[in-house]
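Structure file my_file-v4.txt with compact mmCIF, C-alpha atoms:
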```txt
# COMPACT_ATOMS: atom_id res chain seq x y z
CA MET A 1 -10.18 -7.46 46.48
CA GLY A 2 -10.62 -4.06 47.98
CA TYR A 3 -14.31 -3.49 48.37
CA GLU A 4 -14.18 0.17 49.16
CA THR A 5 -15.60 1.59 52.33
CA ALA A 6 -17.14 4.34 50.26
CA LYS A 7 -19.52 1.80 48.78
CA PHE A 8 -21.42 1.80 52.03
CA THR A 9 -23.68 4.83 51.97
CA GLU A 10 -24.53 6.77 55.07
CA PHE A 11 -28.02 5.32 54.83
CA GLN A 12 -26.67 1.77 54.84
CA ILE A 13 -24.40 2.52 57.79
CA ASP A 14 -27.44 3.89 59.64
CA ALA A 15 -29.35 0.73 58.82
CA LEU A 16 -26.44 -1.39 60.07
CA LYS A 17 -26.42 0.63 63.27
CA GLU A 18 -30.12 0.02 63.74
CA ILE A 19 -29.61 -3.70 63.15
CA GLY A 20 -26.76 -3.51 65.63
CA ASN A 21 -29.09 -1.94 68.18
CA ILE A 22 -31.68 -4.65 67.72
CA GLY A 23 -28.90 -7.21 68.04
CA ALA A 24 -27.64 -5.49 71.17
CA GLY A 25 -31.19 -5.56 72.55
CA ASN A 26 -31.36 -9.30 71.91
CA ALA A 27 -27.91 -9.70 73.39
CA ALA A 28 -28.81 -7.68 76.50
CA THR A 29 -31.80 -9.93 77.13
CA ALA A 30 -29.56 -12.94 76.59
CA LEU A 31 -26.88 -11.66 78.90
CA SER A 32 -29.36 -10.65 81.61
CA GLN A 33 -30.72 -14.18 81.58
CA MET A 34 -27.24 -15.66 81.77
CA VAL A 35 -26.10 -13.58 84.73
CA GLY A 36 -29.48 -13.31 86.40
CA LYS A 37 -29.20 -9.52 86.59
CA ARG A 38 -30.33 -6.69 84.40
CA VAL A 39 -27.78 -5.82 81.75
CA ASP A 40 -28.29 -2.92 79.34
CA MET A 41 -26.51 -2.69 76.07
CA SER A 42 -26.24 -0.02 73.45
CA VAL A 43 -24.39 0.33 70.21
CA THR A 44 -21.85 3.09 70.47
CA LYS A 45 -20.32 2.84 67.00
CA VAL A 46 -20.82 1.07 63.74
CA LEU A 47 -17.83 1.20 61.45
CA ILE A 48 -16.63 -0.30 58.26
CA LEU A 49 -12.92 -0.69 58.83
CA PRO A 50 -10.16 -1.73 56.50
CA ALA A 51 -8.90 -5.08 57.85
CA ASP A 52 -5.45 -3.66 58.54
CA ALA A 53 -6.94 -1.04 60.83
CA ILE A 54 -8.62 -3.52 63.20
CA ALA A 55 -5.66 -3.90 65.54
CA GLY A 56 -5.36 -0.13 65.81
CA PHE A 57 -9.04 0.11 66.64
CA LEU A 58 -8.52 -2.40 69.47
CA GLY A 59 -5.76 -0.33 71.03
CA GLY A 60 -2.72 -1.26 68.94
CA ILE A 61 -1.14 -4.37 67.47
CA GLU A 62 0.54 -5.29 70.73
CA LYS A 63 -2.47 -4.71 72.94
CA ASN A 64 -3.39 -7.90 74.80
CA VAL A 65 -7.02 -8.78 74.24
CA ALA A 66 -9.36 -11.72 74.53
CA ALA A 67 -11.33 -12.79 71.48
CA VAL A 68 -14.04 -15.32 70.87
CA HIS A 69 -14.00 -16.29 67.22
CA MET A 70 -16.25 -18.50 65.15
CA PRO A 71 -16.93 -19.25 61.50
CA VAL A 72 -20.03 -17.77 59.91
CA TYR A 73 -21.81 -19.44 57.06
CA GLY A 74 -25.10 -19.25 55.22
CA GLU A 75 -25.68 -16.39 52.82
CA MET A 76 -22.27 -15.01 53.61
CA LEU A 77 -19.08 -16.80 54.54
CA GLY A 78 -16.70 -15.27 56.99
CA VAL A 79 -15.55 -15.07 60.56
CA ALA A 80 -17.20 -13.40 63.53
CA LEU A 81 -14.97 -12.10 66.30
CA ILE A 82 -15.93 -10.61 69.62
CA PHE A 83 -13.17 -8.81 71.48
CA PHE A 84 -13.26 -8.26 75.22
CA PRO A 85 -10.73 -6.20 77.19
CA LEU A 86 -8.40 -8.68 78.86
CA GLU A 87 -8.38 -6.83 82.17
CA ARG A 88 -12.14 -7.39 82.47
CA LEU A 89 -12.19 -11.04 81.48
CA SER A 90 -11.99 -12.50 84.99
CA GLU A 91 -14.85 -10.29 86.07
CA LEU A 92 -16.92 -11.33 83.08
CA SER A 93 -16.38 -15.05 83.58
CA GLY A 94 -16.98 -14.48 87.31
CA MET A 95 -20.40 -13.02 86.53
CA LEU A 96 -21.24 -16.16 84.58
CA ILE A 97 -19.84 -18.97 86.69
CA GLY A 98 -20.38 -17.31 90.04
CA LYS A 99 -16.77 -17.21 91.22
CA ASN A 100 -13.93 -14.89 90.37
CA GLU A 101 -10.72 -16.24 88.98
CA GLU A 102 -7.56 -14.23 89.48
CA ASP A 103 -5.64 -14.57 86.26
CA PRO A 104 -7.49 -13.87 82.99
CA ASN A 105 -4.66 -15.58 81.09
CA HIS A 106 -5.32 -18.84 82.89
CA LEU A 107 -9.05 -19.15 83.30
CA SER A 108 -10.36 -22.55 84.33
CA GLU A 109 -11.88 -24.77 81.67
CA LEU A 110 -15.33 -23.80 82.96
CA GLY A 111 -14.47 -20.08 82.90
CA GLN A 112 -13.22 -20.37 79.32
CA SER A 113 -16.30 -22.32 78.34
CA ALA A 114 -18.50 -19.57 79.79
CA ILE A 115 -16.69 -16.83 77.84
CA LYS A 116 -16.93 -18.87 74.61
CA GLU A 117 -20.61 -19.41 75.18
CA LEU A 118 -21.09 -15.71 75.87
CA GLY A 119 -19.37 -14.88 72.57
CA SER A 120 -21.46 -17.43 70.78
CA ILE A 121 -24.72 -16.14 72.26
CA LEU A 122 -23.87 -12.52 71.48
CA THR A 123 -22.97 -13.46 67.92
CA GLY A 124 -26.25 -15.36 67.63
CA ALA A 125 -28.07 -12.25 68.85
CA TYR A 126 -26.52 -10.05 66.15
CA LEU A 127 -26.98 -12.60 63.39
CA SER A 128 -30.57 -13.12 64.41
CA ALA A 129 -31.17 -9.35 64.20
CA LEU A 130 -29.72 -9.34 60.70
CA PHE A 131 -32.07 -12.11 59.75
CA ARG A 132 -35.11 -10.35 61.12
CA PHE A 133 -34.22 -7.07 59.54
CA VAL A 134 -32.92 -7.99 56.12
CA HIS A 135 -33.65 -11.72 55.87
CA ILE A 136 -30.03 -12.67 55.51
CA GLN A 137 -29.64 -16.08 57.06
CA LEU A 138 -26.29 -16.45 58.79
CA ILE A 139 -25.34 -19.26 61.12
CA HIS A 140 -22.27 -19.43 63.30
CA GLY A 141 -20.09 -22.42 64.04
CA VAL A 142 -18.25 -23.63 67.13
CA PRO A 143 -16.58 -20.80 69.10
CA GLY A 144 -12.92 -20.68 70.12
CA LEU A 145 -11.27 -18.40 72.69
CA VAL A 146 -7.85 -16.83 72.17
CA ILE A 147 -5.93 -14.47 74.39
CA ASP A 148 -3.04 -12.77 72.69
CA MET A 149 -1.86 -9.55 71.14
CA ALA A 150 -4.49 -8.06 68.85
CA GLN A 151 -2.49 -8.52 65.66
CA ALA A 152 -1.50 -12.09 66.54
CA ILE A 153 -5.15 -13.00 67.04
CA LEU A 154 -6.11 -11.45 63.73
CA ASP A 155 -3.30 -13.24 61.93
CA THR A 156 -4.33 -16.58 63.40
CA VAL A 157 -8.03 -16.18 62.77
CA LEU A 158 -7.82 -14.56 59.38
CA VAL A 159 -5.60 -17.26 57.98
CA GLU A 160 -8.72 -19.45 58.01
CA LEU A 161 -10.31 -17.14 55.46
CA GLU A 162 -8.56 -17.91 52.23
CA GLN A 163 -9.84 -15.00 50.26
CA ARG A 164 -11.03 -12.46 52.66
CA GLU A 165 -12.34 -9.06 51.92
CA GLU A 166 -10.20 -6.21 53.03
CA ILE A 167 -12.87 -4.79 55.27
CA ALA A 168 -14.59 -5.63 58.53
CA ILE A 169 -18.03 -4.63 59.73
CA VAL A 170 -17.62 -3.49 63.33
CA ILE A 171 -20.36 -3.04 65.89
CA GLU A 172 -19.00 -1.60 69.10
CA THR A 173 -21.29 -2.27 72.01
CA GLU A 174 -21.31 -1.00 75.56
CA PHE A 175 -22.61 -3.27 78.31
CA LEU A 176 -23.87 -1.80 81.54
CA GLU A 177 -24.48 -3.93 84.57
CA ASP A 178 -25.35 -1.91 87.67
CA ASP A 179 -22.67 0.78 87.54
CA LYS A 180 -20.16 -1.41 85.77
CA GLN A 181 -19.43 -0.65 82.18
CA LEU A 182 -17.77 -2.89 79.65
CA THR A 183 -17.15 -2.37 75.97
CA GLY A 184 -17.09 -5.28 73.60
CA SER A 185 -16.57 -5.14 69.86
CA PHE A 186 -18.25 -7.45 67.41
CA PHE A 187 -16.48 -7.89 64.08
CA LEU A 188 -17.81 -9.59 61.02
CA LEU A 189 -15.13 -10.34 58.46
CA PRO A 190 -16.56 -11.54 55.19
CA GLU A 191 -14.90 -13.73 52.61
CA ALA A 192 -14.42 -12.30 49.15
CA ASP A 193 -17.58 -12.49 47.01
CA SER A 194 -19.69 -13.06 50.10
CA LEU A 195 -19.81 -9.38 50.83
CA LYS A 196 -21.37 -8.74 47.46
CA ASN A 197 -24.19 -11.18 48.21
CA PHE A 198 -24.64 -9.62 51.60
CA PHE A 199 -24.81 -6.19 50.00
CA ASN A 200 -27.32 -7.22 47.40
CA ALA A 201 -29.65 -8.76 49.95
CA PHE A 202 -29.12 -5.84 52.27
CA SER A 203 -29.82 -3.17 49.64
CA LYS A 204 -32.81 -5.09 48.34
CA SER A 205 -34.35 -5.19 51.80
CA LEU A 206 -33.69 -1.54 52.41
CA GLY A 207 -35.12 -0.66 49.03
CA LEU A 208 -38.48 -2.12 49.87
CA PRO A 209 -40.36 0.62 51.66
CA GLY A 210 -42.73 -0.53 54.34
CA ASN A 211 -41.27 -3.97 54.27
CA GLY A 212 -38.30 -3.50 56.55
CA MET B 1 -38.74 -42.55 89.79
CA ALA B 2 -36.85 -39.53 88.53
CA HIS B 3 -36.63 -39.11 84.79
CA ARG B 4 -33.15 -39.81 83.47
CA VAL B 5 -31.68 -37.13 81.23
CA MET B 6 -28.59 -37.00 79.04
CA LEU B 7 -26.99 -33.62 78.19
CA VAL B 8 -25.15 -33.00 74.94
CA ASP B 9 -23.32 -29.70 74.47
CA ASP B 10 -19.72 -28.89 73.58
CA ALA B 11 -19.72 -26.12 76.20
CA SER B 12 -19.14 -27.52 79.68
CA PHE B 13 -20.59 -24.27 81.00
CA MET B 14 -23.91 -24.94 79.29
CA ARG B 15 -23.99 -28.52 80.55
CA MET B 16 -23.37 -27.22 84.05
CA MET B 17 -26.21 -24.70 83.79
CA LEU B 18 -28.63 -27.30 82.46
CA LYS B 19 -27.57 -29.83 85.06
CA ASN B 20 -28.15 -27.36 87.90
CA ILE B 21 -31.62 -26.55 86.61
CA LEU B 22 -32.62 -30.18 86.11
CA VAL B 23 -31.13 -31.66 89.27
CA GLY B 24 -32.68 -28.82 91.27
CA SER B 25 -36.08 -29.94 90.01
CA GLY B 26 -35.67 -33.61 90.73
CA TYR B 27 -34.39 -34.92 87.41
CA GLU B 28 -31.43 -37.25 87.23
CA VAL B 29 -28.61 -36.38 84.82
CA ILE B 30 -27.17 -39.76 83.88
CA GLY B 31 -24.73 -38.75 81.18
CA GLU B 32 -23.03 -35.88 79.42
CA ALA B 33 -21.45 -35.75 75.98
CA GLU B 34 -19.54 -32.97 74.22
CA ASN B 35 -20.35 -33.90 70.65
CA GLY B 36 -22.90 -35.77 68.58
CA ALA B 37 -20.76 -38.87 68.01
CA LYS B 38 -20.27 -39.42 71.74
CA ALA B 39 -23.97 -38.75 72.30
CA VAL B 40 -24.96 -41.49 69.84
CA GLU B 41 -22.63 -43.96 71.58
CA GLN B 42 -23.77 -43.03 75.07
CA TYR B 43 -27.42 -43.11 74.11
CA LYS B 44 -27.16 -46.81 73.25
CA SER B 45 -25.71 -47.77 76.61
CA LEU B 46 -27.52 -45.31 78.88
CA LYS B 47 -30.98 -45.34 77.27
CA PRO B 48 -32.02 -42.02 78.84
CA ASP B 49 -35.66 -40.91 78.99
CA LEU B 50 -34.68 -37.58 77.42
CA VAL B 51 -31.75 -36.06 75.58
CA ILE B 52 -31.12 -32.31 75.53
CA MET B 53 -29.02 -31.67 72.45
CA ASP B 54 -27.04 -28.65 71.26
CA ILE B 55 -27.01 -28.10 67.48
CA ILE B 56 -23.61 -26.70 66.60
CA MET B 57 -20.86 -28.96 67.94
CA PRO B 58 -17.50 -30.16 66.64
CA GLU B 59 -17.07 -33.64 65.08
CA MET B 60 -20.74 -34.52 64.81
CA GLY B 61 -23.40 -31.83 65.18
CA GLY B 62 -26.73 -32.21 66.92
CA ILE B 63 -28.88 -32.75 63.83
CA ASP B 64 -26.84 -35.71 62.58
CA ALA B 65 -26.85 -37.12 66.09
CA VAL B 66 -30.66 -36.86 66.22
CA ARG B 67 -30.88 -38.79 62.93
CA GLU B 68 -28.58 -41.51 64.26
CA ILE B 69 -30.39 -41.85 67.57
CA ILE B 70 -33.82 -41.90 65.93
CA LYS B 71 -32.58 -44.57 63.51
CA GLY B 72 -31.88 -46.84 66.48
CA ASN B 73 -34.92 -45.80 68.50
CA PRO B 74 -37.71 -44.03 66.59
CA SER B 75 -39.44 -43.05 69.82
CA ALA B 76 -36.38 -41.38 71.37
CA LYS B 77 -37.21 -38.10 73.07
CA ILE B 78 -34.81 -35.35 72.10
CA LEU B 79 -35.08 -31.68 72.95
CA MET B 80 -32.89 -29.34 70.91
CA CYS B 81 -31.06 -26.47 72.51
CA SER B 82 -30.02 -23.80 70.02
CA SER B 83 -28.66 -20.28 69.99
CA MET B 84 -30.66 -17.41 68.62
CA GLY B 85 -30.43 -17.12 64.87
CA GLN B 86 -30.44 -20.82 64.12
CA GLN B 87 -34.09 -21.04 63.15
CA SER B 88 -33.45 -22.92 59.94
CA LEU B 89 -31.43 -25.53 61.80
CA VAL B 90 -34.16 -26.00 64.38
CA VAL B 91 -36.64 -26.84 61.63
CA GLU B 92 -34.17 -29.38 60.26
CA ALA B 93 -33.73 -30.90 63.71
CA ILE B 94 -37.49 -31.26 64.18
CA GLN B 95 -37.75 -32.91 60.77
CA ALA B 96 -34.97 -35.27 61.85
CA GLY B 97 -37.09 -36.33 64.81
CA ALA B 98 -36.44 -33.91 67.66
CA LYS B 99 -39.57 -33.20 69.71
CA ASP B 100 -39.11 -29.54 70.60
CA PHE B 101 -36.46 -26.89 71.16
CA ILE B 102 -35.28 -24.31 73.64
CA VAL B 103 -33.27 -21.20 72.79
CA LYS B 104 -30.04 -20.29 74.56
CA PRO B 105 -29.67 -18.52 76.85
CA PHE B 106 -32.64 -19.85 78.70
CA GLN B 107 -34.43 -19.25 81.93
CA PRO B 108 -34.89 -22.27 84.19
CA SER B 109 -38.66 -22.07 83.79
CA ASN B 110 -38.40 -22.39 79.98
CA VAL B 111 -36.17 -25.44 80.26
CA LEU B 112 -38.40 -27.17 82.80
CA GLU B 113 -41.54 -26.41 80.85
CA ALA B 114 -40.10 -27.84 77.62
CA VAL B 115 -38.69 -30.89 79.41
CA LYS B 116 -42.01 -31.62 81.04
CA LYS B 117 -43.88 -31.21 77.77
CA VAL B 118 -41.60 -33.63 75.92
CA LEU B 119 -41.65 -36.23 78.69
CA ASP B 120 -45.43 -36.17 79.20
```

Could I get this structure in the form of C-alpha cells?
Amino acid sequence: MGYETAKFTEFQIDALKEIGNIGAGNAATALSQMVGKRVDMSVTKVLILPADAIAGFLGGIEKNVAAVHMPVYGEMLGVALIFFPLERLSELSGMLIGKNEEDPNHLSELGQSAIKELGSILTGAYLSALFRFVHIQLIHGVPGLVIDMAQAILDTVLVELEQREEIAIVIETEFLEDDKQLTGSFFLLPEADSLKNFFNAFSKSLGLPGNG
Amino acid sequence: MAHRVMLVDDASFMRMMLKNILVGSGYEVIGEAENGAKAVEQYKSLKPDLVIMDIIMPEMGGIDAVREIIKGNPSAKILMCSSMGQQSLVVEAIQAGAKDFIVKPFQPSNVLEAVKKVLD
C-alpha cells in the first residue's frame, strides 16, 4: 500500500516523459496511418498521481468522459486507461470510420469499435516504447469502451484490480490534426507489488550508462 | 480465381478496414470471425486460402486458434495481425505455425505485400 510519489525522482520522471514522447511518436505514426492524414502528438505532462486524484485531473468526479480500458500483463500487472473528452468523441470516431455520428453517447457499433481500437493501438504504442527503452515487456488485453462520469468509470475499472497501488502513471498527450487539437490522457494503474518490479527494471535500465 | 480470405479480429472496425483493402485488390473475403473459437469452427467449413488473425481476442486468442487450425491442416496459411508491443506474442504465433505477421495499424501496401508473400 501507499507507494509514495516521492519515490520517483525527478530523473525518473524525466525518463518517463522521454518514454512517453517516444510512445507518442509511435502513436502519432499509428494514428496518421489510421486516419490517412498527418497527426502530430506531443507529451504535455507526465505525472505520478495518487489514485484518488485521477477524477480531479480529468475535470472532476462528475465530468462525463469516454475511456478505453484494458488489462495489462507481463512484467507488471495493472490496467491501462485512455481518456478522451466526450465532446470530441464523435469527431474522433468520424475521423476513423469516415462518417460523423451525432451523439457520442450512442455511437454505432462500428464507431465504438473504432474508438476501442484507437485506444488499443495507442496503448500498444506506449507499451512498445517502454519495452524499447527499458526492456519491460508489457502486453495489453482486449479493450472495452465506457462513457460515464469520471469517478464511476474509475470505480468500475479499478474494481478489477484486487490489490492496486495507490498511484497512477499519467502521460497526457496532445494530438494535432491540421488545426484541430485534442488532448488524451493515458493512465497506467499498477497492481500492488507490480510497481516494485517495474521500478527495479526501470532503475536498472536507467543505471546502465550508454545502454539506454 | 480470386484467393479466398477469412478475417479474424474482435474489432469489427479492423475487419472492415482489412476487408476494404483486400476486396479493393481483388481478393474475396469469405468469412469473418470475432474470436479464435469461431475462427477454428469456420476454418473447417470454409477452407479459406488464407486467414488473417488478430492475437488478443476474447474467449480464444489468436495463438491458440493457430495451433488448433494447424492441428487440422498443417499447411494452413495464417497471417498474424498484432498491435505494436506484442513482439513476444508474434514469435509464439510463428512457432505455432503462422507464416508471417503485420503490425496494426497498417498501410494497405503492407497488408497486400504480406498477403501476397504468404499466398505465393

I'd like the neighbourhood of A:Ser194 as a list in words, where a residue qualifies if any of its atoms comes within 12 Å (using all atoms listed in the file), though same-chain residues fewer than 5 positions away should be ignored.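 Here the answer would be Met1, Tyr3, Val72, Tyr73, Gly74, Glu75, Met76, Leu77, Gly78, Val79, Ile136, Leu138, Leu161, Gln163, Arg164, Glu165, Ile167, Leu188, Leu189, Phe199, Asn200 and Ala201 of chain A.
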
Given the selection you just returned, output its residues as a file containing C-alpha atoms, formatted as a JSON list (two decimals), keeping the file's coordinate frame.
```json
[["chain", "number", "residue", "atom", "x", "y", "z"],
["A", 1, "MET", "CA", -10.18, -7.46, 46.48],
["A", 3, "TYR", "CA", -14.31, -3.49, 48.37],
["A", 72, "VAL", "CA", -20.03, -17.77, 59.91],
["A", 73, "TYR", "CA", -21.81, -19.44, 57.06],
["A", 74, "GLY", "CA", -25.10, -19.25, 55.22],
["A", 75, "GLU", "CA", -25.68, -16.39, 52.82],
["A", 76, "MET", "CA", -22.27, -15.01, 53.61],
["A", 77, "LEU", "CA", -19.08, -16.80, 54.54],
["A", 78, "GLY", "CA", -16.70, -15.27, 56.99],
["A", 79, "VAL", "CA", -15.55, -15.07, 60.56],
["A", 136, "ILE", "CA", -30.03, -12.67, 55.51],
["A", 138, "LEU", "CA", -26.29, -16.45, 58.79],
["A", 161, "LEU", "CA", -10.31, -17.14, 55.46],
["A", 163, "GLN", "CA", -9.84, -15.00, 50.26],
["A", 164, "ARG", "CA", -11.03, -12.46, 52.66],
["A", 165, "GLU", "CA", -12.34, -9.06, 51.92],
["A", 167, "ILE", "CA", -12.87, -4.79, 55.27],
["A", 188, "LEU", "CA", -17.81, -9.59, 61.02],
["A", 189, "LEU", "CA", -15.13, -10.34, 58.46],
["A", 199, "PHE", "CA", -24.81, -6.19, 50.00],
["A", 200, "ASN", "CA", -27.32, -7.22, 47.40],
["A", 201, "ALA", "CA", -29.65, -8.76, 49.95]]
```

Open item on the list: Excluding B:Glu32 and its own-chain neighbours fewer than 6 positions away, which residues fall within 7 Å of it when counting all atoms listed in the file? Please give them as a PyMOL selection string.
Closed with: chain B and resi 6-8

If you keep C-alpha atoms, can you produce a file of those selected residues as a PDB file, in the frame of the given file?
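Output contents, as saved in selection.pdb:
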```
ATOM      1  CA  MET B   6     -28.590 -37.000  79.040  1.00  0.00           C
ATOM      2  CA  LEU B   7     -26.990 -33.620  78.190  1.00  0.00           C
ATOM      3  CA  VAL B   8     -25.150 -33.000  74.940  1.00  0.00           C
TER       4      VAL B   8
END
```

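For A:Asn21, the list of residues within 9 Å, based on only C-alpha atoms and with local chain neighbours fewer than 3 positions off taken out, reads Leu16, Lys17, Glu18, Ala24, Gly25, Asn26, Met41, Ser42, Val43, Tyr126, Ala129 and Thr173 of chain A.
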
Note to self: Counting only C-alpha atoms, which residue out of B:Met57, B:Val90, B:Leu18, B:Val23 sits closest to chain A?
What the structure shows: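 Of B:Met57, B:Val90, B:Leu18, B:Val23, the one nearest chain A, counting only C-alpha atoms, is B:Met57.
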
What are the centre and edge lengths in Å, to one decimal, of the axis-aligned box around all listed atoms of stretch 61-72 of chain B with 8 Å added on each side, as JSON?
```
{"center_x": -28.6, "center_y": -39.3, "center_z": 65.1, "size_x": 26.4, "size_y": 31.0, "size_z": 21.0}
```

Discussion item. Distance cut-off 9 Å, counting only C-alpha atoms - which residues of chain A neighbour chain B? Return them as a PyMOL selection string.
Written reply: chain A and resi 26+29-31+33-34+36+96-97+109-117+120-131+137-142

Pull C-alpha atoms from the residues just selected and write them as a short mmCIF file (atom, residue, chain, number, x, y, z; two decimals), keeping the file's coordinate frame.
```
data_model
loop_
_atom_site.label_atom_id
_atom_site.label_comp_id
_atom_site.auth_asym_id
_atom_site.auth_seq_id
_atom_site.Cartn_x
_atom_site.Cartn_y
_atom_site.Cartn_z
CA ASN A 26 -31.36 -9.30 71.91
CA THR A 29 -31.80 -9.93 77.13
CA ALA A 30 -29.56 -12.94 76.59
CA LEU A 31 -26.88 -11.66 78.90
CA GLN A 33 -30.72 -14.18 81.58
CA MET A 34 -27.24 -15.66 81.77
CA GLY A 36 -29.48 -13.31 86.40
CA LEU A 96 -21.24 -16.16 84.58
CA ILE A 97 -19.84 -18.97 86.69
CA GLU A 109 -11.88 -24.77 81.67
CA LEU A 110 -15.33 -23.80 82.96
CA GLY A 111 -14.47 -20.08 82.90
CA GLN A 112 -13.22 -20.37 79.32
CA SER A 113 -16.30 -22.32 78.34
CA ALA A 114 -18.50 -19.57 79.79
CA ILE A 115 -16.69 -16.83 77.84
CA LYS A 116 -16.93 -18.87 74.61
CA GLU A 117 -20.61 -19.41 75.18
CA SER A 120 -21.46 -17.43 70.78
CA ILE A 121 -24.72 -16.14 72.26
CA LEU A 122 -23.87 -12.52 71.48
CA THR A 123 -22.97 -13.46 67.92
CA GLY A 124 -26.25 -15.36 67.63
CA ALA A 125 -28.07 -12.25 68.85
CA TYR A 126 -26.52 -10.05 66.15
CA LEU A 127 -26.98 -12.60 63.39
CA SER A 128 -30.57 -13.12 64.41
CA ALA A 129 -31.17 -9.35 64.20
CA LEU A 130 -29.72 -9.34 60.70
CA PHE A 131 -32.07 -12.11 59.75
CA GLN A 137 -29.64 -16.08 57.06
CA LEU A 138 -26.29 -16.45 58.79
CA ILE A 139 -25.34 -19.26 61.12
CA HIS A 140 -22.27 -19.43 63.30
CA GLY A 141 -20.09 -22.42 64.04
CA VAL A 142 -18.25 -23.63 67.13
#
```

Counting all atoms listed in the file, closest pick from B:Leu46, B:Leu22, B:Ala98, B:Asn35 relative to B:Val66 is B:Ala98

(request) Enter the distance from atom CA of A:Pro71 to atom CA of A:Glu160, in Å, rounded to one decimal. (result)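 Atom CA of A:Glu160 lies 8.9 Å from atom CA of A:Pro71.
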
One residue among B:Ala2, B:Val40, B:Leu79, B:Ile69 is nearest to B:Gly24 when using only C-alpha atoms, and that residue is B:Ala2

Residues within 8 Å of (-37.0, -42.5, 77.5), file coordinates, counting all atoms listed in the file: what are they? Give the list as a ChimeraX atom specification. /B:4,47-50,76-77,119

Could you check how far atom CA of A:Thr9 sits from atom CA of A:Ala192, in Å to one decimal?
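These two atoms are separated by 19.7 Å.
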
| message | From the options B:Met1, B:Val91, B:Met80, B:Ile63, which residue's atoms come nearest to B:Val115, counting all atoms listed in the file? | response |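 Under the stated criterion, the closest residue is B:Met80.
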
Closest to A:Glu177 among A:Glu191, A:Glu91, A:Asp52, A:Glu10, using all atoms listed in the file?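 That would be A:Glu91, the residue with the smallest distance to A:Glu177.
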
Shell of 7 Å around stretch 103-106 of chain A, only C-alpha atoms, local chain residues under 5 positions omitted, as a ChimeraX atom specification: /A:86,89-90,147

Could you tell me how far atom CA of B:Gly36 sits from atom CA of B:Asp120, in Å to one decimal place?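 Pair atom CA of B:Asp120 / atom CA of B:Gly36 returns 24.9 Å.
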